[in-house]
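Heads up, run36.pdb below (PDB, C-alpha atoms):
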```
ATOM      1  CA  MET K 298      34.085-125.723 203.458  1.00  0.00           C
ATOM      2  CA  SER K 299      34.788-128.564 201.070  1.00  0.00           C
ATOM      3  CA  GLU K 300      36.095-128.121 197.553  1.00  0.00           C
ATOM      4  CA  ASN K 301      33.071-130.047 196.279  1.00  0.00           C
ATOM      5  CA  THR K 302      30.915-127.192 197.563  1.00  0.00           C
ATOM      6  CA  ILE K 303      32.350-124.990 194.818  1.00  0.00           C
ATOM      7  CA  GLN K 304      33.383-127.364 192.073  1.00  0.00           C
ATOM      8  CA  ARG K 305      30.559-129.106 190.294  1.00  0.00           C
ATOM      9  CA  GLY K 306      30.421-130.886 186.982  1.00  0.00           C
ATOM     10  CA  THR K 307      32.675-133.446 185.398  1.00  0.00           C
ATOM     11  CA  ALA K 308      35.131-131.371 183.327  1.00  0.00           C
ATOM     12  CA  GLN K 309      38.282-130.421 185.222  1.00  0.00           C
ATOM     13  CA  PRO K 310      41.172-128.648 183.444  1.00  0.00           C
ATOM     14  CA  SER K 311      44.625-128.985 184.971  1.00  0.00           C
ATOM     15  CA  ARG K 312      45.668-126.709 187.826  1.00  0.00           C
ATOM     16  CA  LYS K 313      48.382-125.172 185.625  1.00  0.00           C
ATOM     17  CA  ALA K 314      45.860-124.354 182.875  1.00  0.00           C
ATOM     18  CA  GLN K 315      43.512-122.786 185.407  1.00  0.00           C
ATOM     19  CA  ALA K 316      46.382-120.759 186.931  1.00  0.00           C
ATOM     20  CA  PHE K 317      47.294-119.286 183.530  1.00  0.00           C
ATOM     21  CA  GLU K 318      43.625-118.583 182.811  1.00  0.00           C
ATOM     22  CA  LEU K 319      43.158-116.891 186.189  1.00  0.00           C
ATOM     23  CA  ALA K 320      46.278-114.764 185.708  1.00  0.00           C
ATOM     24  CA  ALA K 321      45.068-113.572 182.296  1.00  0.00           C
ATOM     25  CA  PHE K 322      41.662-112.711 183.705  1.00  0.00           C
ATOM     26  CA  LEU K 323      43.059-110.792 186.680  1.00  0.00           C
ATOM     27  CA  LEU K 324      45.498-108.846 184.506  1.00  0.00           C
ATOM     28  CA  LEU K 325      42.581-107.837 182.303  1.00  0.00           C
ATOM     29  CA  PHE K 326      40.601-106.038 184.969  1.00  0.00           C
ATOM     30  CA  VAL K 327      42.441-105.625 188.287  1.00  0.00           C
ATOM     31  CA  PRO K 328      44.541-102.636 187.113  1.00  0.00           C
ATOM     32  CA  SER K 329      41.413-100.796 185.996  1.00  0.00           C
ATOM     33  CA  ILE K 330      39.520-101.306 189.239  1.00  0.00           C
ATOM     34  CA  ILE K 331      42.530-100.094 191.216  1.00  0.00           C
ATOM     35  CA  LEU K 332      42.149 -96.831 189.300  1.00  0.00           C
ATOM     36  CA  SER K 333      38.845 -96.354 191.124  1.00  0.00           C
ATOM     37  CA  TYR K 334      40.929 -95.033 194.015  1.00  0.00           C
ATOM     38  CA  PHE K 335      41.620 -92.020 191.822  1.00  0.00           C
ATOM     39  CA  SER K 336      37.949 -91.121 191.775  1.00  0.00           C
ATOM     40  CA  ASN K 337      38.594 -87.626 190.444  1.00  0.00           C
ATOM     41  CA  LEU K 338      39.011 -89.221 187.017  1.00  0.00           C
ATOM     42  CA  GLN K 339      35.466 -90.579 187.269  1.00  0.00           C
ATOM     43  CA  GLU K 340      34.123 -87.343 188.698  1.00  0.00           C
ATOM     44  CA  ALA K 341      34.830 -85.647 185.354  1.00  0.00           C
ATOM     45  CA  ALA K 342      32.540 -88.066 183.513  1.00  0.00           C
ATOM     46  CA  GLY K 343      28.762 -87.931 183.561  1.00  0.00           C
ATOM     47  CA  PHE K 344      26.528 -90.669 184.955  1.00  0.00           C
ATOM     48  CA  SER K 345      25.400 -91.952 181.557  1.00  0.00           C
ATOM     49  CA  LEU K 346      28.966 -92.400 180.301  1.00  0.00           C
ATOM     50  CA  VAL K 347      30.084 -94.186 183.466  1.00  0.00           C
ATOM     51  CA  ALA K 348      26.974 -96.403 183.457  1.00  0.00           C
ATOM     52  CA  LEU K 349      27.315 -97.408 179.802  1.00  0.00           C
ATOM     53  CA  GLU K 350      31.041 -98.056 180.217  1.00  0.00           C
ATOM     54  CA  THR K 351      30.383-100.219 183.291  1.00  0.00           C
ATOM     55  CA  ILE K 352      27.644-102.210 181.557  1.00  0.00           C
ATOM     56  CA  ALA K 353      29.796-102.852 178.480  1.00  0.00           C
ATOM     57  CA  TYR K 354      32.860-103.733 180.546  1.00  0.00           C
ATOM     58  CA  ASN K 355      31.012-106.171 182.804  1.00  0.00           C
ATOM     59  CA  PHE K 356      29.375-107.879 179.839  1.00  0.00           C
ATOM     60  CA  ALA K 357      32.797-108.242 178.215  1.00  0.00           C
ATOM     61  CA  LEU K 358      34.168-109.963 181.315  1.00  0.00           C
ATOM     62  CA  VAL K 359      31.214-112.348 181.483  1.00  0.00           C
ATOM     63  CA  PHE K 360      31.576-113.198 177.793  1.00  0.00           C
ATOM     64  CA  LEU K 361      35.247-113.946 178.475  1.00  0.00           C
ATOM     65  CA  ILE K 362      34.225-116.257 181.325  1.00  0.00           C
ATOM     66  CA  ALA K 363      31.684-117.924 179.035  1.00  0.00           C
ATOM     67  CA  PHE K 364      34.478-118.550 176.534  1.00  0.00           C
ATOM     68  CA  PHE K 365      36.655-120.091 179.250  1.00  0.00           C
ATOM     69  CA  LEU K 366      33.811-122.401 180.261  1.00  0.00           C
ATOM     70  CA  TRP K 367      33.111-123.367 176.652  1.00  0.00           C
ATOM     71  CA  ARG K 368      36.795-124.012 175.983  1.00  0.00           C
ATOM     72  CA  ASN K 369      37.080-126.213 179.066  1.00  0.00           C
ATOM     73  CA  GLY K 370      33.784-128.005 178.482  1.00  0.00           C
ATOM     74  CA  GLU K 371      32.468-126.792 181.837  1.00  0.00           C
ATOM     75  CA  PRO K 372      28.727-126.271 182.401  1.00  0.00           C
ATOM     76  CA  PRO K 373      27.332-122.969 183.785  1.00  0.00           C
ATOM     77  CA  ALA K 374      26.318-124.874 186.913  1.00  0.00           C
ATOM     78  CA  ARG K 375      29.990-124.797 187.971  1.00  0.00           C
ATOM     79  CA  LEU K 376      29.543-121.065 188.511  1.00  0.00           C
ATOM     80  CA  GLY K 377      26.335-121.487 190.478  1.00  0.00           C
ATOM     81  CA  TRP K 378      23.896-120.932 187.617  1.00  0.00           C
ATOM     82  CA  SER K 379      21.335-123.714 187.700  1.00  0.00           C
ATOM     83  CA  ARG K 380      17.571-124.092 187.424  1.00  0.00           C
ATOM     84  CA  ARG K 381      17.273-125.621 190.865  1.00  0.00           C
ATOM     85  CA  ARG K 382      14.596-123.821 192.970  1.00  0.00           C
ATOM     86  CA  PRO K 383      15.106-120.368 191.388  1.00  0.00           C
ATOM     87  CA  TRP K 384      12.044-118.777 193.039  1.00  0.00           C
ATOM     88  CA  THR K 385      12.956-120.190 196.441  1.00  0.00           C
ATOM     89  CA  GLU K 386      16.474-118.785 196.113  1.00  0.00           C
ATOM     90  CA  ALA K 387      15.138-115.398 194.986  1.00  0.00           C
ATOM     91  CA  ALA K 388      12.722-115.284 197.929  1.00  0.00           C
ATOM     92  CA  LEU K 389      15.577-116.109 200.287  1.00  0.00           C
ATOM     93  CA  GLY K 390      17.571-113.185 198.919  1.00  0.00           C
ATOM     94  CA  ILE K 391      14.623-110.833 199.542  1.00  0.00           C
ATOM     95  CA  MET K 392      14.140-112.113 203.094  1.00  0.00           C
ATOM     96  CA  LEU K 393      17.829-111.749 203.906  1.00  0.00           C
ATOM     97  CA  PHE K 394      17.980-108.158 202.657  1.00  0.00           C
ATOM     98  CA  PRO K 395      16.631-106.268 205.757  1.00  0.00           C
ATOM     99  CA  PRO K 396      18.968-107.949 208.292  1.00  0.00           C
ATOM    100  CA  PHE K 397      21.780-107.736 205.743  1.00  0.00           C
ATOM    101  CA  VAL K 398      21.399-103.946 205.371  1.00  0.00           C
ATOM    102  CA  LEU K 399      21.162-103.480 209.136  1.00  0.00           C
ATOM    103  CA  ALA K 400      24.290-105.544 209.762  1.00  0.00           C
ATOM    104  CA  ILE K 401      26.328-103.765 207.074  1.00  0.00           C
ATOM    105  CA  GLY K 402      25.259-100.361 208.395  1.00  0.00           C
ATOM    106  CA  LEU K 403      26.365-101.284 211.900  1.00  0.00           C
ATOM    107  CA  ILE K 404      29.663-102.721 210.671  1.00  0.00           C
ATOM    108  CA  GLU K 405      30.476 -99.639 208.582  1.00  0.00           C
ATOM    109  CA  GLY K 406      29.667 -97.444 211.596  1.00  0.00           C
ATOM    110  CA  ILE K 407      32.102 -99.450 213.705  1.00  0.00           C
ATOM    111  CA  PHE K 408      34.822 -99.037 211.060  1.00  0.00           C
ATOM    112  CA  ILE K 409      34.277 -95.262 211.074  1.00  0.00           C
ATOM    113  CA  GLU K 410      34.436 -95.187 214.883  1.00  0.00           C
ATOM    114  CA  LEU K 411      37.752 -97.025 214.645  1.00  0.00           C
ATOM    115  CA  GLY K 412      39.135 -94.187 212.544  1.00  0.00           C
ATOM    116  CA  LEU K 413      38.681 -95.456 208.999  1.00  0.00           C
ATOM    117  CA  SER K 414      37.737 -92.764 206.503  1.00  0.00           C
ATOM    118  CA  ALA K 415      34.213 -92.325 205.169  1.00  0.00           C
ATOM    119  CA  PRO K 416      33.320 -90.855 201.766  1.00  0.00           C
ATOM    120  CA  GLN K 417      32.477 -87.161 201.718  1.00  0.00           C
ATOM    121  CA  GLU K 418      29.322 -87.873 199.683  1.00  0.00           C
ATOM    122  CA  SER K 419      26.824 -90.672 200.286  1.00  0.00           C
ATOM    123  CA  ILE K 420      26.744 -91.161 196.505  1.00  0.00           C
ATOM    124  CA  PRO K 421      29.656 -90.003 194.314  1.00  0.00           C
ATOM    125  CA  SER K 422      28.643 -87.629 191.533  1.00  0.00           C
ATOM    126  CA  PHE K 423      29.550 -90.116 188.794  1.00  0.00           C
ATOM    127  CA  LEU K 424      26.904 -92.499 190.221  1.00  0.00           C
ATOM    128  CA  ALA K 425      24.235 -89.817 190.694  1.00  0.00           C
ATOM    129  CA  ALA K 426      21.472 -90.130 188.096  1.00  0.00           C
ATOM    130  CA  SER K 427      19.420 -87.124 187.064  1.00  0.00           C
ATOM    131  CA  GLY K 428      16.154 -87.192 185.150  1.00  0.00           C
ATOM    132  CA  ALA K 429      13.890 -90.019 183.998  1.00  0.00           C
ATOM    133  CA  ALA K 430      16.220 -91.280 181.264  1.00  0.00           C
ATOM    134  CA  GLU K 431      19.202 -91.592 183.605  1.00  0.00           C
ATOM    135  CA  TYR K 432      17.126 -93.294 186.297  1.00  0.00           C
ATOM    136  CA  GLY K 433      15.997 -95.793 183.671  1.00  0.00           C
ATOM    137  CA  LEU K 434      19.623 -96.367 182.767  1.00  0.00           C
ATOM    138  CA  ALA K 435      20.423 -96.681 186.482  1.00  0.00           C
ATOM    139  CA  LEU K 436      17.887 -99.503 186.766  1.00  0.00           C
ATOM    140  CA  VAL K 437      19.551-101.336 183.882  1.00  0.00           C
ATOM    141  CA  LEU K 438      22.943-100.683 185.478  1.00  0.00           C
ATOM    142  CA  VAL K 439      22.096-102.147 188.895  1.00  0.00           C
ATOM    143  CA  LEU K 440      20.520-105.225 187.283  1.00  0.00           C
ATOM    144  CA  VAL K 441      23.502-105.843 185.001  1.00  0.00           C
ATOM    145  CA  VAL K 442      26.007-105.230 187.805  1.00  0.00           C
ATOM    146  CA  ALA K 443      24.232-107.652 190.141  1.00  0.00           C
ATOM    147  CA  LEU K 444      24.145-110.416 187.523  1.00  0.00           C
ATOM    148  CA  THR K 445      27.639-109.914 186.137  1.00  0.00           C
ATOM    149  CA  GLU K 446      29.563-109.173 189.335  1.00  0.00           C
ATOM    150  CA  GLU K 447      28.137-112.204 191.121  1.00  0.00           C
ATOM    151  CA  THR K 448      29.063-114.322 188.104  1.00  0.00           C
ATOM    152  CA  ILE K 449      32.588-112.857 188.186  1.00  0.00           C
ATOM    153  CA  TYR K 450      33.390-112.680 191.897  1.00  0.00           C
ATOM    154  CA  ARG K 451      31.313-115.414 193.518  1.00  0.00           C
ATOM    155  CA  GLY K 452      31.091-117.709 190.487  1.00  0.00           C
ATOM    156  CA  TYR K 453      34.249-117.649 188.394  1.00  0.00           C
ATOM    157  CA  LEU K 454      36.876-116.287 190.800  1.00  0.00           C
ATOM    158  CA  LEU K 455      35.742-118.443 193.705  1.00  0.00           C
ATOM    159  CA  LEU K 456      35.871-121.521 191.474  1.00  0.00           C
ATOM    160  CA  ARG K 457      39.282-120.778 190.009  1.00  0.00           C
ATOM    161  CA  PHE K 458      40.916-119.561 193.218  1.00  0.00           C
ATOM    162  CA  THR K 459      39.788-122.809 194.859  1.00  0.00           C
ATOM    163  CA  SER K 460      41.319-124.884 192.059  1.00  0.00           C
ATOM    164  CA  VAL K 461      44.590-122.926 192.029  1.00  0.00           C
ATOM    165  CA  THR K 462      45.118-122.605 195.798  1.00  0.00           C
ATOM    166  CA  GLY K 463      43.555-125.918 196.772  1.00  0.00           C
ATOM    167  CA  SER K 464      41.797-124.120 199.647  1.00  0.00           C
ATOM    168  CA  PRO K 465      38.154-122.919 199.569  1.00  0.00           C
ATOM    169  CA  THR K 466      38.922-120.629 202.513  1.00  0.00           C
ATOM    170  CA  ALA K 467      41.802-118.985 200.640  1.00  0.00           C
ATOM    171  CA  ALA K 468      39.536-118.712 197.595  1.00  0.00           C
ATOM    172  CA  VAL K 469      36.911-116.828 199.621  1.00  0.00           C
ATOM    173  CA  LEU K 470      39.533-114.423 200.984  1.00  0.00           C
ATOM    174  CA  CYS K 471      41.102-113.802 197.557  1.00  0.00           C
ATOM    175  CA  SER K 472      37.751-113.276 195.832  1.00  0.00           C
ATOM    176  CA  THR K 473      36.625-110.924 198.600  1.00  0.00           C
ATOM    177  CA  ALA K 474      39.863-108.913 198.401  1.00  0.00           C
ATOM    178  CA  VAL K 475      39.522-108.447 194.638  1.00  0.00           C
ATOM    179  CA  PHE K 476      35.852-107.493 195.047  1.00  0.00           C
ATOM    180  CA  SER K 477      36.661-104.772 197.570  1.00  0.00           C
ATOM    181  CA  LEU K 478      39.396-103.232 195.396  1.00  0.00           C
ATOM    182  CA  GLY K 479      36.875-101.589 193.093  1.00  0.00           C
ATOM    183  CA  HIS K 480      35.294 -99.457 195.826  1.00  0.00           C
ATOM    184  CA  GLY K 481      38.103 -97.071 196.734  1.00  0.00           C
ATOM    185  CA  TYR K 482      35.809 -94.074 196.201  1.00  0.00           C
ATOM    186  CA  GLN K 483      33.873 -95.138 199.334  1.00  0.00           C
ATOM    187  CA  GLY K 484      36.779 -94.433 201.688  1.00  0.00           C
ATOM    188  CA  SER K 485      38.617 -96.997 203.767  1.00  0.00           C
ATOM    189  CA  ALA K 486      35.516 -97.659 205.914  1.00  0.00           C
ATOM    190  CA  GLY K 487      33.491 -98.282 202.771  1.00  0.00           C
ATOM    191  CA  VAL K 488      36.127-100.602 201.330  1.00  0.00           C
ATOM    192  CA  ALA K 489      36.186-102.589 204.583  1.00  0.00           C
ATOM    193  CA  ALA K 490      32.381-102.762 204.601  1.00  0.00           C
ATOM    194  CA  VAL K 491      32.386-103.923 200.967  1.00  0.00           C
ATOM    195  CA  ALA K 492      34.844-106.650 201.951  1.00  0.00           C
ATOM    196  CA  VAL K 493      32.355-107.819 204.583  1.00  0.00           C
ATOM    197  CA  ILE K 494      29.594-107.720 201.965  1.00  0.00           C
ATOM    198  CA  GLY K 495      31.712-109.810 199.609  1.00  0.00           C
ATOM    199  CA  LEU K 496      32.457-112.288 202.376  1.00  0.00           C
ATOM    200  CA  LEU K 497      28.754-112.641 203.211  1.00  0.00           C
ATOM    201  CA  PHE K 498      27.875-113.100 199.537  1.00  0.00           C
ATOM    202  CA  CYS K 499      30.498-115.863 199.322  1.00  0.00           C
ATOM    203  CA  LEU K 500      29.120-117.627 202.380  1.00  0.00           C
ATOM    204  CA  ILE K 501      25.537-117.432 201.084  1.00  0.00           C
ATOM    205  CA  TYR K 502      26.665-118.774 197.724  1.00  0.00           C
ATOM    206  CA  LEU K 503      28.520-121.668 199.331  1.00  0.00           C
ATOM    207  CA  TRP K 504      25.556-122.372 201.609  1.00  0.00           C
ATOM    208  CA  ARG K 505      22.967-122.376 198.816  1.00  0.00           C
ATOM    209  CA  ARG K 506      25.197-123.613 195.968  1.00  0.00           C
ATOM    210  CA  SER K 507      23.461-121.031 193.796  1.00  0.00           C
ATOM    211  CA  LEU K 508      24.151-117.452 192.710  1.00  0.00           C
ATOM    212  CA  ILE K 509      20.492-116.410 192.745  1.00  0.00           C
ATOM    213  CA  ALA K 510      20.232-115.256 196.375  1.00  0.00           C
ATOM    214  CA  PRO K 511      23.505-113.268 196.194  1.00  0.00           C
ATOM    215  CA  VAL K 512      22.345-111.687 192.922  1.00  0.00           C
ATOM    216  CA  VAL K 513      19.050-110.613 194.505  1.00  0.00           C
ATOM    217  CA  LEU K 514      20.862-109.186 197.539  1.00  0.00           C
ATOM    218  CA  HIS K 515      23.368-107.389 195.328  1.00  0.00           C
ATOM    219  CA  PHE K 516      20.588-105.935 193.167  1.00  0.00           C
ATOM    220  CA  LEU K 517      18.569-104.697 196.143  1.00  0.00           C
ATOM    221  CA  GLN K 518      21.657-103.176 197.782  1.00  0.00           C
ATOM    222  CA  ASP K 519      22.548-101.175 194.663  1.00  0.00           C
ATOM    223  CA  PHE K 520      18.911-100.380 193.823  1.00  0.00           C
ATOM    224  CA  VAL K 521      18.356 -98.757 197.199  1.00  0.00           C
ATOM    225  CA  GLY K 522      21.693 -96.938 197.148  1.00  0.00           C
ATOM    226  CA  ILE K 523      21.659 -95.664 193.559  1.00  0.00           C
ATOM    227  CA  ILE K 524      17.940 -95.213 192.857  1.00  0.00           C
ATOM    228  CA  VAL K 525      15.744 -95.209 195.973  1.00  0.00           C
ATOM    229  CA  TYR K 526      17.946 -93.165 198.318  1.00  0.00           C
ATOM    230  CA  PRO K 527      18.580 -90.306 195.838  1.00  0.00           C
ATOM    231  CA  LEU K 528      14.850 -90.105 195.072  1.00  0.00           C
ATOM    232  CA  LEU K 529      13.614 -90.217 198.662  1.00  0.00           C
ATOM    233  CA  GLY K 530      16.655 -89.100 200.684  1.00  0.00           C
ATOM    234  CA  PRO K 531      17.783 -85.582 201.469  1.00  0.00           C
ATOM    235  CA  GLY K 532      18.827 -83.475 198.512  1.00  0.00           C
TER     236      GLY K 532
END
```

Spell out the structure here as C-alpha cells.
Amino acid sequence: MSENTIQRGTAQPSRKAQAFELAAFLLLFVPSIILSYFSNLQEAAGFSLVALETIAYNFALVFLIAFFLWRNGEPPARLGWSRRRPWTEAALGIMLFPPFVLAIGLIEGIFIELGLSAPQESIPSFLAASGAAEYGLALVLVLVVALTEETIYRGYLLLRFTSVTGSPTAAVLCSTAVFSLGHGYQGSAGVAAVAVIGLLFCLIYLWRRSLIAPVVLHFLQDFVGIIVYPLLGPG
C-alpha cells in the first residue's frame, strides 16, 4: 500500500501538527468507547436514549473532523468523499455484502471454537428496538452510524495514522484496533470479528479510494443485525 493511496489533495500540515490533532481526537472519544466493556451501564438505558446519544456523539465527532479539514485547508476527498462513480461504488457495496456476511460468520465461529467468548444475547437490550417509533429511530441510527463511523475510522483515522506513523500498514492496524474497541459488549469473539470487519473495510477503502462501498456494507450489516433480524428472527 502506498501513502498516495490514502493521502490526496494538495494541503499537507506538518507531521507534528497532525500528531497533536490526532492525540486530541483520540483523547476525546477513546475513553468513552472503552467504557462499552462495562455494558451493564448501557443495559440500564433504553434504546431511544442510547440511539439519540450515539447519533449526537457521532455527529459531534464528524463536525470536529470537518473543522480540522477546514483549518488545514484539506478537501473532503482526502477522507474518501468524492463524486467519482457514486452509484458504481454503492452497487459494489451491495454485491460484496452476501460474501462479506458469510465470511464474517465463519470467522466468528472459528474464534468461538478457539475459546473466545460470545455474547449471551445476539442483540444487547440497549440495541433492541421496540415498536414502530423505535424501529424508525433504529433506521436513522444505522444510517448515521454507517456514514459517520466510516468517515471517522476509514477516512480520518486512516489518513492521520498514515501521516503520523509514515506507514499505511501501521495506519490500517491502528485504525482497526480503535474500531474494535467499541464492541466489548459482543464478547472477545465479537471484538475479534469486528477487527476483521474493520480490516476488510480498510482494504476496500484503499482499493476503491472511496468511502461509499464501505458505508453501504456498514449500513447493510447494521440494518440486518439491528432491524431485520429482530423482526424476522426468533423472539

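Look at Leu517 in chain K: the protein and nucleic acid residues within 10 Å of it, using all atoms listed in the file and passing over chain neighbours fewer than 2 places away, are Gly390, Ile391, Phe394, Pro395, Val398, Val439, Leu440, Ala443, Pro511, Val512, Val513, Leu514, His515, Asp519, Phe520, Val521, Gly522, Ile523 and Val525 of chain K.
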
Residues as selected, C-alpha atoms, written as a PDB file, keeping the file's coordinate frame, can you do that?
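As written to disk, again21.pdb reads:
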```pdb
ATOM      1  CA  GLY K 390      17.571-113.185 198.919  1.00  0.00           C
ATOM      2  CA  ILE K 391      14.623-110.833 199.542  1.00  0.00           C
ATOM      3  CA  PHE K 394      17.980-108.158 202.657  1.00  0.00           C
ATOM      4  CA  PRO K 395      16.631-106.268 205.757  1.00  0.00           C
ATOM      5  CA  VAL K 398      21.399-103.946 205.371  1.00  0.00           C
ATOM      6  CA  VAL K 439      22.096-102.147 188.895  1.00  0.00           C
ATOM      7  CA  LEU K 440      20.520-105.225 187.283  1.00  0.00           C
ATOM      8  CA  ALA K 443      24.232-107.652 190.141  1.00  0.00           C
ATOM      9  CA  PRO K 511      23.505-113.268 196.194  1.00  0.00           C
ATOM     10  CA  VAL K 512      22.345-111.687 192.922  1.00  0.00           C
ATOM     11  CA  VAL K 513      19.050-110.613 194.505  1.00  0.00           C
ATOM     12  CA  LEU K 514      20.862-109.186 197.539  1.00  0.00           C
ATOM     13  CA  HIS K 515      23.368-107.389 195.328  1.00  0.00           C
ATOM     14  CA  ASP K 519      22.548-101.175 194.663  1.00  0.00           C
ATOM     15  CA  PHE K 520      18.911-100.380 193.823  1.00  0.00           C
ATOM     16  CA  VAL K 521      18.356 -98.757 197.199  1.00  0.00           C
ATOM     17  CA  GLY K 522      21.693 -96.938 197.148  1.00  0.00           C
ATOM     18  CA  ILE K 523      21.659 -95.664 193.559  1.00  0.00           C
ATOM     19  CA  VAL K 525      15.744 -95.209 195.973  1.00  0.00           C
TER      20      VAL K 525
END
```

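If you count all atoms listed in the file and ignore residues fewer than 2 places along the chain from Cys499 in chain K, what sits within 9 Å of it is Tyr450, Arg451, Leu455, Val469, Ser472, Thr473, Ile494, Gly495, Leu496, Leu497, Ile501, Tyr502, Leu503, Trp504 and Pro511 of chain K.
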
Dump as an mmCIF file, in the coordinates of the input, selection limited to C-alpha atoms:
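Wrote it out as part.cif, contents follow:
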```cif
data_model
loop_
_atom_site.group_PDB
_atom_site.id
_atom_site.type_symbol
_atom_site.label_atom_id
_atom_site.label_comp_id
_atom_site.auth_asym_id
_atom_site.auth_seq_id
_atom_site.Cartn_x
_atom_site.Cartn_y
_atom_site.Cartn_z
ATOM 1 C CA TYR K 450 33.390 -112.680 191.897
ATOM 2 C CA ARG K 451 31.313 -115.414 193.518
ATOM 3 C CA LEU K 455 35.742 -118.443 193.705
ATOM 4 C CA VAL K 469 36.911 -116.828 199.621
ATOM 5 C CA SER K 472 37.751 -113.276 195.832
ATOM 6 C CA THR K 473 36.625 -110.924 198.600
ATOM 7 C CA ILE K 494 29.594 -107.720 201.965
ATOM 8 C CA GLY K 495 31.712 -109.810 199.609
ATOM 9 C CA LEU K 496 32.457 -112.288 202.376
ATOM 10 C CA LEU K 497 28.754 -112.641 203.211
ATOM 11 C CA ILE K 501 25.537 -117.432 201.084
ATOM 12 C CA TYR K 502 26.665 -118.774 197.724
ATOM 13 C CA LEU K 503 28.520 -121.668 199.331
ATOM 14 C CA TRP K 504 25.556 -122.372 201.609
ATOM 15 C CA PRO K 511 23.505 -113.268 196.194
#
```

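Here the PyMOL selection byres ((chain K and resi 414) around 7) captures the residues Ile409, Gly412, Leu413, Ala415, Pro416, Gly484, Ser485 and Ala486 of chain K.
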
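The spacing separating CA of Ala321 in chain K from CA of Phe356 in chain K amounts to 16.9 Å.
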
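With CA of Ala489 in chain K on one side and CA of Ala425 in chain K on the other, the separation reads 22.3 Å.
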
Can you translate the PyMOL selection byres ((chain K and resi 441) around 10) into the concrete residues it hits in this file, as a ChimeraX atom specification?
/K:351-353,355-356,435-440,442-447,512,516

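Picture a line from CA of Leu434 in chain K to CA of Ser345 in chain K; it runs 7.4 Å.
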
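Nearest residue to Pro372 in chain K among K:Phe458, K:Gly428, K:Gln309, K:Ile449 is K:Gln309, counting all atoms listed in the file.
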
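For the choices K:Lys313, K:Arg368, K:Arg506, K:Arg457, the atom-to-atom distance to Pro383 in chain K is smallest for K:Arg506 when using all atoms listed in the file.
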
Using all atoms listed in the file, which of K:Gly479, K:Leu529, K:Ala430, K:Leu500 sits nearest Thr466 in chain K?
K:Leu500

I would like the residues chosen by the PyMOL selection byres ((chain K and resi 382) around 12) on the shown file; could you give them as an MDAnalysis selection string?
chainID K and resid 378:381 383:389 505:510
